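Q: Can you keep this structure in mind? I'll have questions shortly.
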Amino acid sequence: MTRYNSFFPKTEIVFGPGLLERLQDFRGQRIGIVTDTFMASSGALERVRSYLDGCEVEVFAEAVPESPLDTVSAGARQFGAFAPDVLIGLGGGSPIDAAKAMLAILREMAPERRIRLVAIPTTSGTGSEVTAFAVVSDPAKGRKFPLISSELVSDIALLDPELVRSALAGVTADTGMDVITHAVEAVVSTGATHFSDACAEKALELAFAFLPRAFDDGDDMEARDAMHQGSCLAGLAFTAAGLGINHGMAHALGAQMHMVHGRSNALLLPYLIAWNAELPATARRYARIARNLGLDVPSTRAGVRALIREIEKLNAHLGMPATLQAAGCDLTELSRRRPEIAAAAMADACTASNPRKPRQDELEDLLAQIAGHA
Ligand SMILES: NC(=O)c1ccc[n+]([C@@H]2O[C@H](COP(=O)([O-])OP(=O)(O)OC[C@H]3O[C@@H](n4cnc5c(N)ncnc54)[C@H](O)[C@@H]3O)[C@@H](O)[C@H]2O)c1
Ligand SMILES: [Fe+2]
């Protein structure tokens with residue numbers, strides 16, 4: 001069993017003026033692009049293509065939220081025939097995850113081929129451009145599961161905040177709360193180290209300062225840029241440290257109750273901080289986050305409460321639903337499916353690094369408690 005830790009950011013992260021010019025290095029190569037219909041029609045795809053002069057380009061624009069297995073295999077078939085040198089994931093977490101999952105299949109099909117992965121995120125949320133995760137779903141079974149492998153980490157991430165400018169306020173809010181959840185869970189995770197903390201704490205500083213601004217004014221490019229880098233930092237943090245039950249439960253609610261990922265994270269976060277904070281060492285870490293955010297922290301307990309209040313305040317500012325019902329969840333169905341949802345959350349890979357080890361009945365009780373606040 002491994003006793004040592006490592007922090008190995010494999011991705012070249014490119015940011016700052018003129019960054020898409022980095023694509024011109026691929027001149028003469030075969031480029032596959034995975035994106036969604038919105039990006040294909042919004043001008044973003046054309047913008048990226050304009051830097052790929054002299055390349056042979058093939059596009060798969062059918063990525064959809066949660067990367068269903070059918071979509072992933074359709075893309076892998078298309079690119080299996082095209083044989084790209086480079087695969088680009090362009091879009092939010094869904095197209096980037098789809099590209100990663102397709103790449104995993106392409107590498108199995110032709111292990112001798114070296115295919116480089118380039119991620120160009122257009123939301124500031126998942127951090128997928130640097131993470132070892134790709135979330136895929138099996139709609140027939142109502143399951144959503146993360147693939148986890150260092151093979152899924154992209155070679156290059158191009159962080160162009162201009163591409164996020166068009167994100168509507170609702171998408172900005174959902175994805176921004178995903179960033180906060182990644183960073184908070186990374187700080188208290190069993191895998192946290194000083195290196196992951198450095199990334200997570202900076203991500204939290206940026207997100208608490210700039211998410212309200214990016215939400216209020218999508219053209220505030222200082223805020224967009226800060227959120228884009230914050231999202232990436234949170235991705236570095238959690239890919240090294242792991243996540244926790246917040247994501248385990250959000251994945252289960254996404255797969256079985258079709259709840260939006262960032263929104264369920266935002267809603268669950270105050271409850272799960274309170275639950276995890278029963279562990280004194282974890283409570284101290286939450287209090288440290290609160291202190292870093294400049295909140296009043298006269299004691300550990302007060303620090304945990306201050307952090308929860310700050311998250312609730314931010315959720316309210318962003319118009320996040322305060323109850324599962326308001327988030328579009330059918331409470332009767334939830335009550336019927338509670339054991340299944342709790343079981344899926346227990347089995348989710350993210351739950352393994354949660355600081356407090358849950359039992360299934362505890363997760364069922366938590367779901368009932370959260371639903372009771374409807
Ligand atoms: N790989 C990881 O490490 C990781 C981590 C967390 C979540 N995820 C997964 O990522 C997915 C969610 O990704 P997401 O939150 O980025 O959303 P998304 O990719 O599903 O996009 C949400 C919507 O926003 C639109 N959109 C994206 N960028 C836009 C822009 N710039 N302007 C206007 N509209 C835009 C999309 O077309 C889509 O309709 C989920 O499947 C989630 O489970 C992955
Ligand atoms: Fe997430």
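Chain labels A, B, ... are given in the sequence in which chains occur in the structure tokens; within each chain residues are numbered consecutively from 1, and ligands are likewise numbered from 1 in the order shown.
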Could you please extract the residues within 8 Å of ligand 1, counting only C-alpha atoms and all ligand atoms, and hand them back as number ranges by chain?

A: A: 36-39, 64-67, 91-97, 121-136, 144, 146, 163-168, 171, 174-175, 178, 182, 235, 239, 251, 254, 261-262

Q: Any chance you could list, as a VMD selection string, the residues in segment 185-227 of chain A that come up helix (DSSP H, G or I) when DSSP is run on the backbone?

A: chain A and resid 185 to 188 194 to 216 221 to 227

Q: Using only C-alpha atoms, please write the residues we just selected to a file, as an mmCIF file, in the first residue's frame.

A:
data_model
loop_
_atom_site.group_PDB
_atom_site.id
_atom_site.type_symbol
_atom_site.label_atom_id
_atom_site.label_comp_id
_atom_site.auth_asym_id
_atom_site.auth_seq_id
_atom_site.Cartn_x
_atom_site.Cartn_y
_atom_site.Cartn_z
ATOM 1 C CA GLU A 185 -14.510 19.279 -0.463
ATOM 2 C CA ALA A 186 -10.812 19.174 -1.467
ATOM 3 C CA VAL A 187 -9.796 21.082 1.685
ATOM 4 C CA VAL A 188 -11.521 18.605 4.034
ATOM 5 C CA HIS A 194 -0.444 21.484 1.510
ATOM 6 C CA PHE A 195 -0.186 21.425 -2.291
ATOM 7 C CA SER A 196 -3.875 20.717 -2.886
ATOM 8 C CA ASP A 197 -4.805 23.194 -0.121
ATOM 9 C CA ALA A 198 -2.785 25.925 -1.849
ATOM 10 C CA CYS A 199 -4.855 25.453 -5.019
ATOM 11 C CA ALA A 200 -8.194 24.999 -3.225
ATOM 12 C CA GLU A 201 -7.777 27.988 -0.896
ATOM 13 C CA LYS A 202 -6.810 30.308 -3.776
ATOM 14 C CA ALA A 203 -9.774 28.981 -5.776
ATOM 15 C CA LEU A 204 -12.083 29.832 -2.850
ATOM 16 C CA GLU A 205 -10.607 33.313 -2.463
ATOM 17 C CA LEU A 206 -11.216 33.975 -6.185
ATOM 18 C CA ALA A 207 -14.671 32.390 -6.333
ATOM 19 C CA PHE A 208 -16.111 34.176 -3.275
ATOM 20 C CA ALA A 209 -14.776 37.505 -4.572
ATOM 21 C CA PHE A 210 -15.582 37.173 -8.273
ATOM 22 C CA LEU A 211 -18.546 34.797 -8.691
ATOM 23 C CA PRO A 212 -21.112 37.458 -7.625
ATOM 24 C CA ARG A 213 -19.522 39.908 -10.084
ATOM 25 C CA ALA A 214 -19.484 37.408 -13.001
ATOM 26 C CA PHE A 215 -23.121 36.567 -12.199
ATOM 27 C CA ASP A 216 -24.225 40.224 -11.990
ATOM 28 C CA MET A 221 -13.974 40.216 -17.937
ATOM 29 C CA GLU A 222 -11.827 40.619 -14.826
ATOM 30 C CA ALA A 223 -14.372 38.501 -12.960
ATOM 31 C CA ARG A 224 -14.699 35.980 -15.826
ATOM 32 C CA ASP A 225 -10.915 35.580 -15.986
ATOM 33 C CA ALA A 226 -10.616 35.146 -12.196
ATOM 34 C CA MET A 227 -13.419 32.558 -12.166
#

Q: So which residues touch Cys55 of chain A within 9 Å, counting only C-alpha atoms, skipping near sequence neighbours fewer than 5 positions away, as number ranges by chain?

A: A: 26-31

Q: If we count only C-alpha atoms, what is near segment 102-116 of chain A at a cut-off of 8 Å, once residues fewer than 4 positions away on the same chain are taken out, given as an MDAnalysis selection string?

A: chainID A and resid 72:73 75:76 79:80 84:87 98 151:152 154:155

Q: Go ahead and save the residues from that selection, with N, CA and C atoms, as a short mmCIF file (atom, residue, chain, number, x, y, z; two decimals), in the first residue's frame.

A:
data_model
loop_
_atom_site.label_atom_id
_atom_site.label_comp_id
_atom_site.auth_asym_id
_atom_site.auth_seq_id
_atom_site.Cartn_x
_atom_site.Cartn_y
_atom_site.Cartn_z
N VAL A 72 -20.77 8.68 -26.20
CA VAL A 72 -19.33 8.44 -26.12
C VAL A 72 -18.92 7.40 -27.17
N SER A 73 -19.72 6.32 -27.31
CA SER A 73 -19.29 5.30 -28.28
C SER A 73 -19.48 5.79 -29.71
N GLY A 75 -19.01 8.87 -30.76
CA GLY A 75 -17.84 9.72 -31.02
C GLY A 75 -16.58 8.89 -31.21
N ALA A 76 -16.44 7.85 -30.38
CA ALA A 76 -15.24 7.00 -30.49
C ALA A 76 -15.22 6.30 -31.84
N PHE A 79 -14.19 8.99 -34.50
CA PHE A 79 -12.77 9.36 -34.45
C PHE A 79 -11.86 8.14 -34.64
N GLY A 80 -12.40 6.95 -34.38
CA GLY A 80 -11.62 5.74 -34.65
C GLY A 80 -11.30 5.67 -36.12
N PRO A 84 -7.31 10.84 -35.29
CA PRO A 84 -6.71 12.16 -35.02
C PRO A 84 -5.36 12.07 -34.30
N ASP A 85 -4.55 13.12 -34.49
CA ASP A 85 -3.33 13.27 -33.69
C ASP A 85 -3.65 13.99 -32.39
N VAL A 86 -4.69 14.86 -32.48
CA VAL A 86 -5.07 15.68 -31.33
C VAL A 86 -6.59 15.63 -31.19
N LEU A 87 -7.07 15.47 -29.96
CA LEU A 87 -8.51 15.55 -29.72
C LEU A 87 -8.75 16.76 -28.83
N ALA A 98 -16.85 14.13 -22.44
CA ALA A 98 -17.13 13.22 -23.56
C ALA A 98 -15.83 12.97 -24.33
N GLU A 151 -4.74 8.84 -17.04
CA GLU A 151 -4.78 8.85 -18.50
C GLU A 151 -5.79 9.87 -19.03
N LEU A 152 -6.72 10.29 -18.17
CA LEU A 152 -7.77 11.22 -18.61
C LEU A 152 -7.37 12.68 -18.44
N SER A 154 -5.78 16.08 -19.39
CA SER A 154 -5.43 16.62 -20.71
C SER A 154 -3.98 17.09 -20.73
N ASP A 155 -3.43 17.14 -21.93
CA ASP A 155 -2.04 17.59 -22.09
C ASP A 155 -1.98 19.11 -22.01
#

Q: Counting only C-alpha atoms and all ligand atoms, which of A:Cys232, A:Val14, A:Val179, A:Leu267 gets nearest to ligand 2?

A: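 Nearest to ligand 2: A:Val179.
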
Q: From the list A:His247, A:Lys10, A:His228, A:Arg22, which residue is nearest ligand 2 when using only C-alpha atoms and all ligand atoms?

A: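 The closest residue to ligand 2 is A:His247.
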
Q: Could you pull out all residues of segment 104-319 of chain A with a DSSP call of strand (DSSP E or B) and give them as a list in words?

A: Arg116, Leu117, Val118, Ala119, Ile120, Pro121, Phe133, Ala134, Val135, Val136, Ser137, Asp138, Arg143, Lys144, Phe145, Pro146, Leu147, Ile148, Ile156, Ala157, Leu158 and Leu159 of chain A

Q: Please identify all polymer residues within 10 Å of Gly248 of chain A, counting only C-alpha atoms, omitting same-chain residues fewer than 2 positions from it, and present them as a ChimeraX atom specification.

A: /A:145-146,243-246,250-253,265,341-352,354

Q: Grab the residues selected above and save them as a PDB file, in the first residue's frame with C-alpha atoms.

A:
ATOM      1  CA  PHE A 145     -20.417   7.502 -12.678  1.00  0.00           C
ATOM      2  CA  PRO A 146     -16.986   9.091 -12.728  1.00  0.00           C
ATOM      3  CA  LEU A 243     -13.901  15.099  -3.282  1.00  0.00           C
ATOM      4  CA  GLY A 244     -16.521  13.877  -0.820  1.00  0.00           C
ATOM      5  CA  ILE A 245     -20.158  12.987  -0.158  1.00  0.00           C
ATOM      6  CA  ASN A 246     -21.431  16.282  -1.513  1.00  0.00           C
ATOM      7  CA  ALA A 250     -25.027  15.250  -6.273  1.00  0.00           C
ATOM      8  CA  HIS A 251     -24.085  12.522  -8.776  1.00  0.00           C
ATOM      9  CA  ALA A 252     -26.834  10.262  -7.417  1.00  0.00           C
ATOM     10  CA  LEU A 253     -29.414  13.090  -7.508  1.00  0.00           C
ATOM     11  CA  ASN A 265     -24.006  20.814  -4.989  1.00  0.00           C
ATOM     12  CA  ILE A 341     -30.098   7.301  -4.106  1.00  0.00           C
ATOM     13  CA  ALA A 342     -28.279   6.767  -0.813  1.00  0.00           C
ATOM     14  CA  ALA A 343     -26.860   3.461  -2.076  1.00  0.00           C
ATOM     15  CA  ALA A 344     -25.627   5.146  -5.272  1.00  0.00           C
ATOM     16  CA  ALA A 345     -24.026   7.933  -3.223  1.00  0.00           C
ATOM     17  CA  MET A 346     -22.321   5.341  -0.980  1.00  0.00           C
ATOM     18  CA  ALA A 347     -20.929   3.564  -4.058  1.00  0.00           C
ATOM     19  CA  ASP A 348     -19.819   6.786  -5.790  1.00  0.00           C
ATOM     20  CA  ALA A 349     -16.033   7.032  -6.093  1.00  0.00           C
ATOM     21  CA  CYS A 350     -16.070  10.600  -4.684  1.00  0.00           C
ATOM     22  CA  THR A 351     -17.549   9.448  -1.360  1.00  0.00           C
ATOM     23  CA  ALA A 352     -14.423   7.409  -0.562  1.00  0.00           C
ATOM     24  CA  ASN A 354     -15.034  12.124   2.511  1.00  0.00           C
TER      25      ASN A 354
END

Q: Mind checking which residues fall within 10 Å of Gln78 of chain A, counting only C-alpha atoms, ignoring those fewer than 3 positions away in the same chain, and posting them as a list of chain:residue names?

A: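 Selected residues are A:Gly32, A:Glu58, A:Val59, A:Phe60, A:Ser73, A:Ala74, A:Gly75, A:Ala81, A:Phe82, A:Ala83, A:Met102.
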